[in-house]
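Here the structure comes first, spelled out in structure tokens, and everything after it is commentary.
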Amino acid sequence: MRGLPLHWKIVIGMALGILFGLLMTLFSCGKELVNDWIAPFGVIFIRLLKLIAIPLIFTSLVKGISDLKDISSFKHIGIRTVILYISTTIIAITIGLLLVNTIQPGEGMSRETVEQLTVTYASDETITSNIRAAITHEPKPLDFLVDMVPDNIFTAFGNNSLMLQVIFFSIIFGICMLLISHDKARPVSLLIDGLNEIILKMVNLIMQIAPFAVFALLAQIIANTDNMEILVKLLNYGMTVLLGLIAMIAFYVIVVYFYTGRSPKWFLSGIAPAQLLGFSTSSSAATLPVTMERVTDHLGVDNEVSSFVLPVGATVNMDGTSLYQAVAAVFIAQALHIPLDFGDQLTIVLTALLASIGSAAVPGAGMVMLVIVLESIGIPADKLAIGIALIFAIDRPLDMCRTVINITGDAMVSVVVGKSLGKLHPSDTPDQLNR
Ligand code: ASP
């Protein structure tokens with residue numbers, strides 16, 4: 001067990017967690033036992049990861065930018081990253097739309113199933129409060145820009161959901177370090193270097209308990225899933241999303257192979273522990289420390305690139321989420337017999353792009369933002385709750401899968417940006433087909 005690579009240990013932890021969770025469903029007190037005595041260890045692990053997310057974003061972004069030669073290198077990284085993030089998200093949405101329009105998973109939904117799902121879930125507090133939150137916050141087109149700028153840096157640092165504000169501050173801080181004289185910046189540079197090393201060490205230590213933590217997280221998820229029948233009814237929809245997500249993985253490895261000459265095995269095994277953790281935690285933000293470690297140390301992307309591309313990506317680039325939002329929106333319209341024309345499909349592309357940028361990197365965020373996509377294609381307010389209720393039962397498993405894609409997409413963009421700037425180093429993982 002000792003010499004086993006980390007991702008295998010995590011896989012074993014996950015498998016045992018699933019088995020244990022299933023076993024516990026056989027006992028009447030099983031759910032309670034898991035929730036009281038096992039689940040807290042998963043919660044502790046996620047807390048530890050989130051604890052270091054903000055300091056890590058700050059130190060690595062400031063270090064990444066202030067270590068650059070000059071401001072034009074920053075521009076090169078920034079422009080490439082933004083272009084790649086937007087294009088990969090549009091590709092993801094298009095794949096989702098093509099699949100859902102071809103497979104039409106909502107067409108076969110009987111009225112009874114729609115009714116049954118609505119009765120079961122439409123009054124659920126999570127759904128109603130999500131819809132209330134999304135609707136009462138009447139969105140304006142430039143809201144996302146305004147929300148990015150903090151008015152108090154301590155408030156931003158004190159709230160994990162304001163990561164974009166921390167990124168904004170860190171970028172300006174790093175740029176200003178580049179702009180002042182080297183002598184003045186040096187002491188701050190040394191301090192940030194030291195802090196960054198310490199935080200990375202913390203990531204390393206926390207990861208030692210990952211296999212146990214994923215055991216706890218999966219046991220909890222399985223023990224709390226009580227309506228298997230409904231899951232089966234939603235199989236077509238779930239499979240459509242999954243098919244799209246698998247297509248995205250194929251797309252990533254093809255891009256990596258053709259652009260960098262590195263094999264799919266190299267890319268996927270390099271990023272695997274982050275993917276497994278994303279799957280278990282459903283949070284790109286919580287996984288960020290591990291994604292950074294894998295992309296830098298195992299895929300060989302220069303720190304200069306990964307320390308900018310990844311924190312930004314974790315919060316704004318969500319290919320899996322946007323694909324899911326496109327499929328879910330059309331599925332709901334199909335199930336509720338609301339026709340969508342080509343214009344509606346284009347609206348989905350635009351709103352799913354914005355909604356995925358706006359989705360926080362935490363569990364379930366994609367579903368909250370889905371309300372905005374549904375509204376944009378004219379789903380009436382009284383149907384919103386029914387729509388969300390329809391897909392609610394299998395949202396968690398799909399969230400786990402789309403988070404994996406969100407993370408993999410960020411890693412792919414890091415590798416591509418790294419390669420384009422000559423900052424992709426030979427990595428420690430064998431099996432690379434360097435051309
Ligand atoms: N859980 C996803 C993430 O953190 C966001 C979502 O799709 O709900 O990446």
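Convention: chains lettered A, B, ... in structure tokens order; per-chain residue numbering from 1; ligands numbered from 1 as shown.
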Show me which residues sit within 8 Å of ligand 1 when counting only C-alpha atoms and all ligand atoms, and put them as a ChimeraX atom specification. /A:278,282-286,314-315,318,320-322,324,356,359-368,399-400,402-404,406-407
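All residues of protein, DNA or RNA that reach within 12 Å of Phe258 (chain A), judged by only C-alpha atoms and not counting those fewer than 2 positions away in the chain, are Phe251, Tyr252, Val253, Ile254, Val255, Val256, Thr260, Gly261, Arg262, Ser263, Pro264, Val415, Val416, Lys419, Leu433, Asn434 and Arg435 of chain A.
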Considering only C-alpha atoms, return as a short mmCIF file (atom, residue, chain, number, x, y, z; two decimals) with N, CA, C and O atoms, in the first residue's frame whatever protein or nucleic-acid residues lie within 10 Å of Ser306 (chain A), sequence-local ones (same chain, fewer than 6 positions apart) excluded.
data_model
loop_
_atom_site.label_atom_id
_atom_site.label_comp_id
_atom_site.auth_asym_id
_atom_site.auth_seq_id
_atom_site.Cartn_x
_atom_site.Cartn_y
_atom_site.Cartn_z
N SER A 60 0.35 32.47 -4.92
CA SER A 60 0.83 31.96 -6.20
C SER A 60 0.61 32.95 -7.33
O SER A 60 1.46 33.09 -8.21
N LEU A 61 -0.52 33.68 -7.30
CA LEU A 61 -0.72 34.66 -8.37
C LEU A 61 0.30 35.80 -8.27
O LEU A 61 0.90 36.19 -9.28
N GLY A 64 3.61 34.40 -9.26
CA GLY A 64 3.64 34.14 -10.70
C GLY A 64 3.84 35.42 -11.50
O GLY A 64 4.69 35.49 -12.37
N ILE A 77 0.32 35.80 -21.53
CA ILE A 77 -0.36 34.71 -20.82
C ILE A 77 -1.86 35.02 -20.71
O ILE A 77 -2.71 34.18 -20.99
N THR A 291 -4.88 20.66 -7.93
CA THR A 291 -4.75 20.88 -9.38
C THR A 291 -3.43 21.62 -9.65
O THR A 291 -2.68 21.27 -10.57
N MET A 292 -3.13 22.62 -8.83
CA MET A 292 -1.92 23.41 -9.05
C MET A 292 -0.67 22.55 -8.89
O MET A 292 0.27 22.61 -9.67
N GLU A 293 -0.71 21.72 -7.86
CA GLU A 293 0.46 20.87 -7.61
C GLU A 293 0.66 19.89 -8.77
O GLU A 293 1.77 19.70 -9.26
N VAL A 295 -0.45 20.07 -11.96
CA VAL A 295 -0.11 20.69 -13.25
C VAL A 295 1.33 21.19 -13.24
O VAL A 295 2.06 21.04 -14.23
N THR A 296 1.78 21.71 -12.11
CA THR A 296 3.13 22.24 -12.06
C THR A 296 4.16 21.11 -11.91
O THR A 296 5.10 21.00 -12.71
N GLY A 300 4.49 19.45 -15.66
CA GLY A 300 5.64 20.23 -16.07
C GLY A 300 5.32 21.63 -16.60
O GLY A 300 6.14 22.23 -17.30
N VAL A 312 -7.56 31.43 -11.94
CA VAL A 312 -8.59 32.11 -12.74
C VAL A 312 -9.56 31.06 -13.30
O VAL A 312 -10.78 31.20 -13.21
N GLY A 313 -9.00 29.97 -13.82
CA GLY A 313 -9.83 28.92 -14.42
C GLY A 313 -10.78 28.29 -13.42
O GLY A 313 -11.94 28.02 -13.74
N ASP A 410 -9.22 23.21 -17.19
CA ASP A 410 -8.23 24.19 -16.73
C ASP A 410 -6.80 23.65 -16.93
O ASP A 410 -5.90 24.39 -17.35
N ALA A 411 -6.64 22.36 -16.65
CA ALA A 411 -5.31 21.76 -16.80
C ALA A 411 -4.89 21.77 -18.26
O ALA A 411 -3.74 22.07 -18.60
N VAL A 413 -5.83 23.84 -20.63
CA VAL A 413 -5.47 25.20 -21.07
C VAL A 413 -4.08 25.58 -20.52
O VAL A 413 -3.27 26.17 -21.22
N SER A 414 -3.78 25.16 -19.29
CA SER A 414 -2.44 25.45 -18.73
C SER A 414 -1.35 24.83 -19.60
O SER A 414 -0.33 25.46 -19.90
N VAL A 415 -1.58 23.56 -19.98
CA VAL A 415 -0.57 22.86 -20.79
C VAL A 415 -0.39 23.57 -22.14
O VAL A 415 0.73 23.81 -22.59
N VAL A 417 -1.19 26.75 -22.98
CA VAL A 417 -0.57 28.08 -22.84
C VAL A 417 0.92 27.91 -22.52
O VAL A 417 1.78 28.59 -23.08
N GLY A 418 1.22 26.95 -21.65
CA GLY A 418 2.63 26.68 -21.30
C GLY A 418 3.44 26.36 -22.55
O GLY A 418 4.50 26.93 -22.80
N LYS A 423 6.98 27.25 -22.09
CA LYS A 423 7.07 27.04 -20.64
C LYS A 423 6.45 25.72 -20.21
O LYS A 423 5.81 25.61 -19.16
#
Kindly provide the residues of region 283-308 of chain A that approach region 65-70 of chain A to within 10 Å, each paired with its closest atom pair and their distance in Å to one decimal, based on only C-alpha atoms, listed by chain and increasing number, as CSV.
residue,atom,partner,partner_atom,distance
A:Asn303,CA,A:Asp67,CA,9.5
A:Glu304,CA,A:Ile65,CA,6.8
A:Val305,CA,A:Ile65,CA,8.9
A:Ser307,CA,A:Ile65,CA,8.3
A:Phe308,CA,A:Ile65,CA,7.5
Q: Considering only C-alpha atoms, return as a count of residues only whatever protein or nucleic-acid residues lie within 8 Å of Met163 (chain A), sequence-local ones (same chain, fewer than 6 positions apart) excluded.
A: 4
Expressed in Å, the length from CA of Ala385 (chain A) to CA of Ser129 (chain A) is 10.1 Å
inquiry  = Taking 4 positions as the minimum chain separation for residues in the same chain, which residues sit within 9 Å of Phe215 (chain A) when counting only C-alpha atoms? Answer as a ChimeraX atom specification.
reply    = /A:10,12-18,20,38,42,210-211,219-220,280
Only N, CA, C and O atoms, please: the residues just picked out, written as a PDB file, in the first residue's frame.
ATOM      1  N   ILE A  10      -6.464   6.882  -3.771  1.00  0.00           N
ATOM      2  CA  ILE A  10      -7.753   7.590  -3.759  1.00  0.00           C
ATOM      3  C   ILE A  10      -8.846   6.713  -4.374  1.00  0.00           C
ATOM      4  O   ILE A  10      -9.960   6.636  -3.859  1.00  0.00           O
ATOM      5  N   ILE A  12      -8.996   3.487  -4.417  1.00  0.00           N
ATOM      6  CA  ILE A  12      -9.349   2.439  -3.442  1.00  0.00           C
ATOM      7  C   ILE A  12     -10.248   3.032  -2.345  1.00  0.00           C
ATOM      8  O   ILE A  12     -11.267   2.457  -1.967  1.00  0.00           O
ATOM      9  N   GLY A  13      -9.883   4.225  -1.875  1.00  0.00           N
ATOM     10  CA  GLY A  13     -10.704   4.893  -0.853  1.00  0.00           C
ATOM     11  C   GLY A  13     -12.126   5.117  -1.348  1.00  0.00           C
ATOM     12  O   GLY A  13     -13.100   4.885  -0.636  1.00  0.00           O
ATOM     13  N   MET A  14     -12.243   5.528  -2.633  1.00  0.00           N
ATOM     14  CA  MET A  14     -13.570   5.783  -3.199  1.00  0.00           C
ATOM     15  C   MET A  14     -14.380   4.487  -3.282  1.00  0.00           C
ATOM     16  O   MET A  14     -15.549   4.438  -2.875  1.00  0.00           O
ATOM     17  N   ALA A  15     -13.724   3.427  -3.786  1.00  0.00           N
ATOM     18  CA  ALA A  15     -14.436   2.151  -3.950  1.00  0.00           C
ATOM     19  C   ALA A  15     -14.905   1.634  -2.586  1.00  0.00           C
ATOM     20  O   ALA A  15     -16.058   1.215  -2.433  1.00  0.00           O
ATOM     21  N   LEU A  16     -14.012   1.697  -1.612  1.00  0.00           N
ATOM     22  CA  LEU A  16     -14.413   1.218  -0.274  1.00  0.00           C
ATOM     23  C   LEU A  16     -15.531   2.082   0.300  1.00  0.00           C
ATOM     24  O   LEU A  16     -16.444   1.583   0.958  1.00  0.00           O
ATOM     25  N   GLY A  17     -15.460   3.400   0.031  1.00  0.00           N
ATOM     26  CA  GLY A  17     -16.511   4.309   0.524  1.00  0.00           C
ATOM     27  C   GLY A  17     -17.867   3.957  -0.070  1.00  0.00           C
ATOM     28  O   GLY A  17     -18.881   3.923   0.625  1.00  0.00           O
ATOM     29  N   ILE A  18     -17.874   3.655  -1.391  1.00  0.00           N
ATOM     30  CA  ILE A  18     -19.137   3.288  -2.056  1.00  0.00           C
ATOM     31  C   ILE A  18     -19.678   1.982  -1.450  1.00  0.00           C
ATOM     32  O   ILE A  18     -20.844   1.879  -1.083  1.00  0.00           O
ATOM     33  N   PHE A  20     -19.028   0.653   1.457  1.00  0.00           N
ATOM     34  CA  PHE A  20     -19.453   0.872   2.841  1.00  0.00           C
ATOM     35  C   PHE A  20     -20.811   1.584   2.884  1.00  0.00           C
ATOM     36  O   PHE A  20     -21.705   1.217   3.649  1.00  0.00           O
ATOM     37  N   ILE A  38     -18.948   9.202  10.230  1.00  0.00           N
ATOM     38  CA  ILE A  38     -18.009   9.094   9.088  1.00  0.00           C
ATOM     39  C   ILE A  38     -17.945  10.430   8.343  1.00  0.00           C
ATOM     40  O   ILE A  38     -16.858  10.949   8.080  1.00  0.00           O
ATOM     41  N   GLY A  42     -14.952  13.762   6.135  1.00  0.00           N
ATOM     42  CA  GLY A  42     -14.962  14.327   4.784  1.00  0.00           C
ATOM     43  C   GLY A  42     -15.087  15.843   4.860  1.00  0.00           C
ATOM     44  O   GLY A  42     -14.418  16.580   4.135  1.00  0.00           O
ATOM     45  N   ALA A 210      -6.126  12.288   1.897  1.00  0.00           N
ATOM     46  CA  ALA A 210      -7.167  12.257   0.848  1.00  0.00           C
ATOM     47  C   ALA A 210      -7.845  10.887   0.700  1.00  0.00           C
ATOM     48  O   ALA A 210      -9.067  10.810   0.618  1.00  0.00           O
ATOM     49  N   PRO A 211      -7.092   9.777   0.656  1.00  0.00           N
ATOM     50  CA  PRO A 211      -7.763   8.487   0.461  1.00  0.00           C
ATOM     51  C   PRO A 211      -8.808   8.198   1.546  1.00  0.00           C
ATOM     52  O   PRO A 211      -9.877   7.656   1.256  1.00  0.00           O
ATOM     53  N   ALA A 219     -19.031   7.491   1.090  1.00  0.00           N
ATOM     54  CA  ALA A 219     -19.931   6.718   1.962  1.00  0.00           C
ATOM     55  C   ALA A 219     -21.143   7.580   2.301  1.00  0.00           C
ATOM     56  O   ALA A 219     -22.285   7.126   2.278  1.00  0.00           O
ATOM     57  N   GLN A 220     -20.890   8.867   2.570  1.00  0.00           N
ATOM     58  CA  GLN A 220     -21.996   9.763   2.922  1.00  0.00           C
ATOM     59  C   GLN A 220     -22.954   9.956   1.740  1.00  0.00           C
ATOM     60  O   GLN A 220     -24.169   9.882   1.905  1.00  0.00           O
ATOM     61  N   SER A 280     -14.909  13.635  -5.854  1.00  0.00           N
ATOM     62  CA  SER A 280     -15.369  13.363  -4.482  1.00  0.00           C
ATOM     63  C   SER A 280     -15.889  14.607  -3.778  1.00  0.00           C
ATOM     64  O   SER A 280     -16.770  14.524  -2.937  1.00  0.00           O
TER      65      SER A 280
END
- Task: Go through region 217-385 of chain A and collect every residue that DSSP, computed from the backbone, puts in alpha helix (DSSP H); the answer should be as a PyMOL selection string.
- Result: chain A and resi 217-223+228-233+235-260+264-281+284-293+303-316+319-335+342-358+365-376+381-385
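Residues lying within 12 Å of Val43 (chain A), counting only C-alpha atoms and ignoring same-chain neighbours fewer than 2 positions away, are Asn35, Asp36, Trp37, Ile38, Ala39, Pro40, Phe41, Phe45, Ile46, Arg47, Leu48, Leu49, Lys50, Leu51, Ala210, Phe212, Ala213, Val214, Phe215, Ala216, Leu217, Leu218, Gln220, Ser280, Thr281 and Ala286 of chain A.
Rounded to one decimal, CA of Phe168 (chain A) and CA of Ile57 (chain A) lie 10.5 Å from each other.
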Contact residues around Thr225 (chain A) with only C-alpha atoms at 10 Å, ignoring same-chain residues under 3 positions, as a ChimeraX atom specification:
/A:21-22,25,31,220-222,228,231,393-394,396
Among A:Ile172, A:Leu164, A:Val290, A:Ile90, Ile206 (chain A) is approached most closely, using only C-alpha atoms, by A:Val290
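In terms of minimum interatomic distance to Ile246 (chain A), A:Asp319 ranks closest within A:Leu142, A:Val309, A:Ser28, A:Asp319, counting only C-alpha atoms.
For the set A:Gly78, A:Pro339, A:Gly409, A:Gly108, the residue with the smallest atom-to-atom gap to Ala250 (chain A) is A:Gly409, counting only C-alpha atoms.
Proximity to Met202 (chain A) was assessed for A:Ile386, A:Val373, A:Leu56, A:Leu340 counting only C-alpha atoms; the smallest distance is recorded for A:Leu56.
Here the question is which of A:Gly3, A:Gly30, A:Gly96, A:Gly422 gets nearest to Leu245 (chain A) using only C-alpha atoms, and that residue is A:Gly96.
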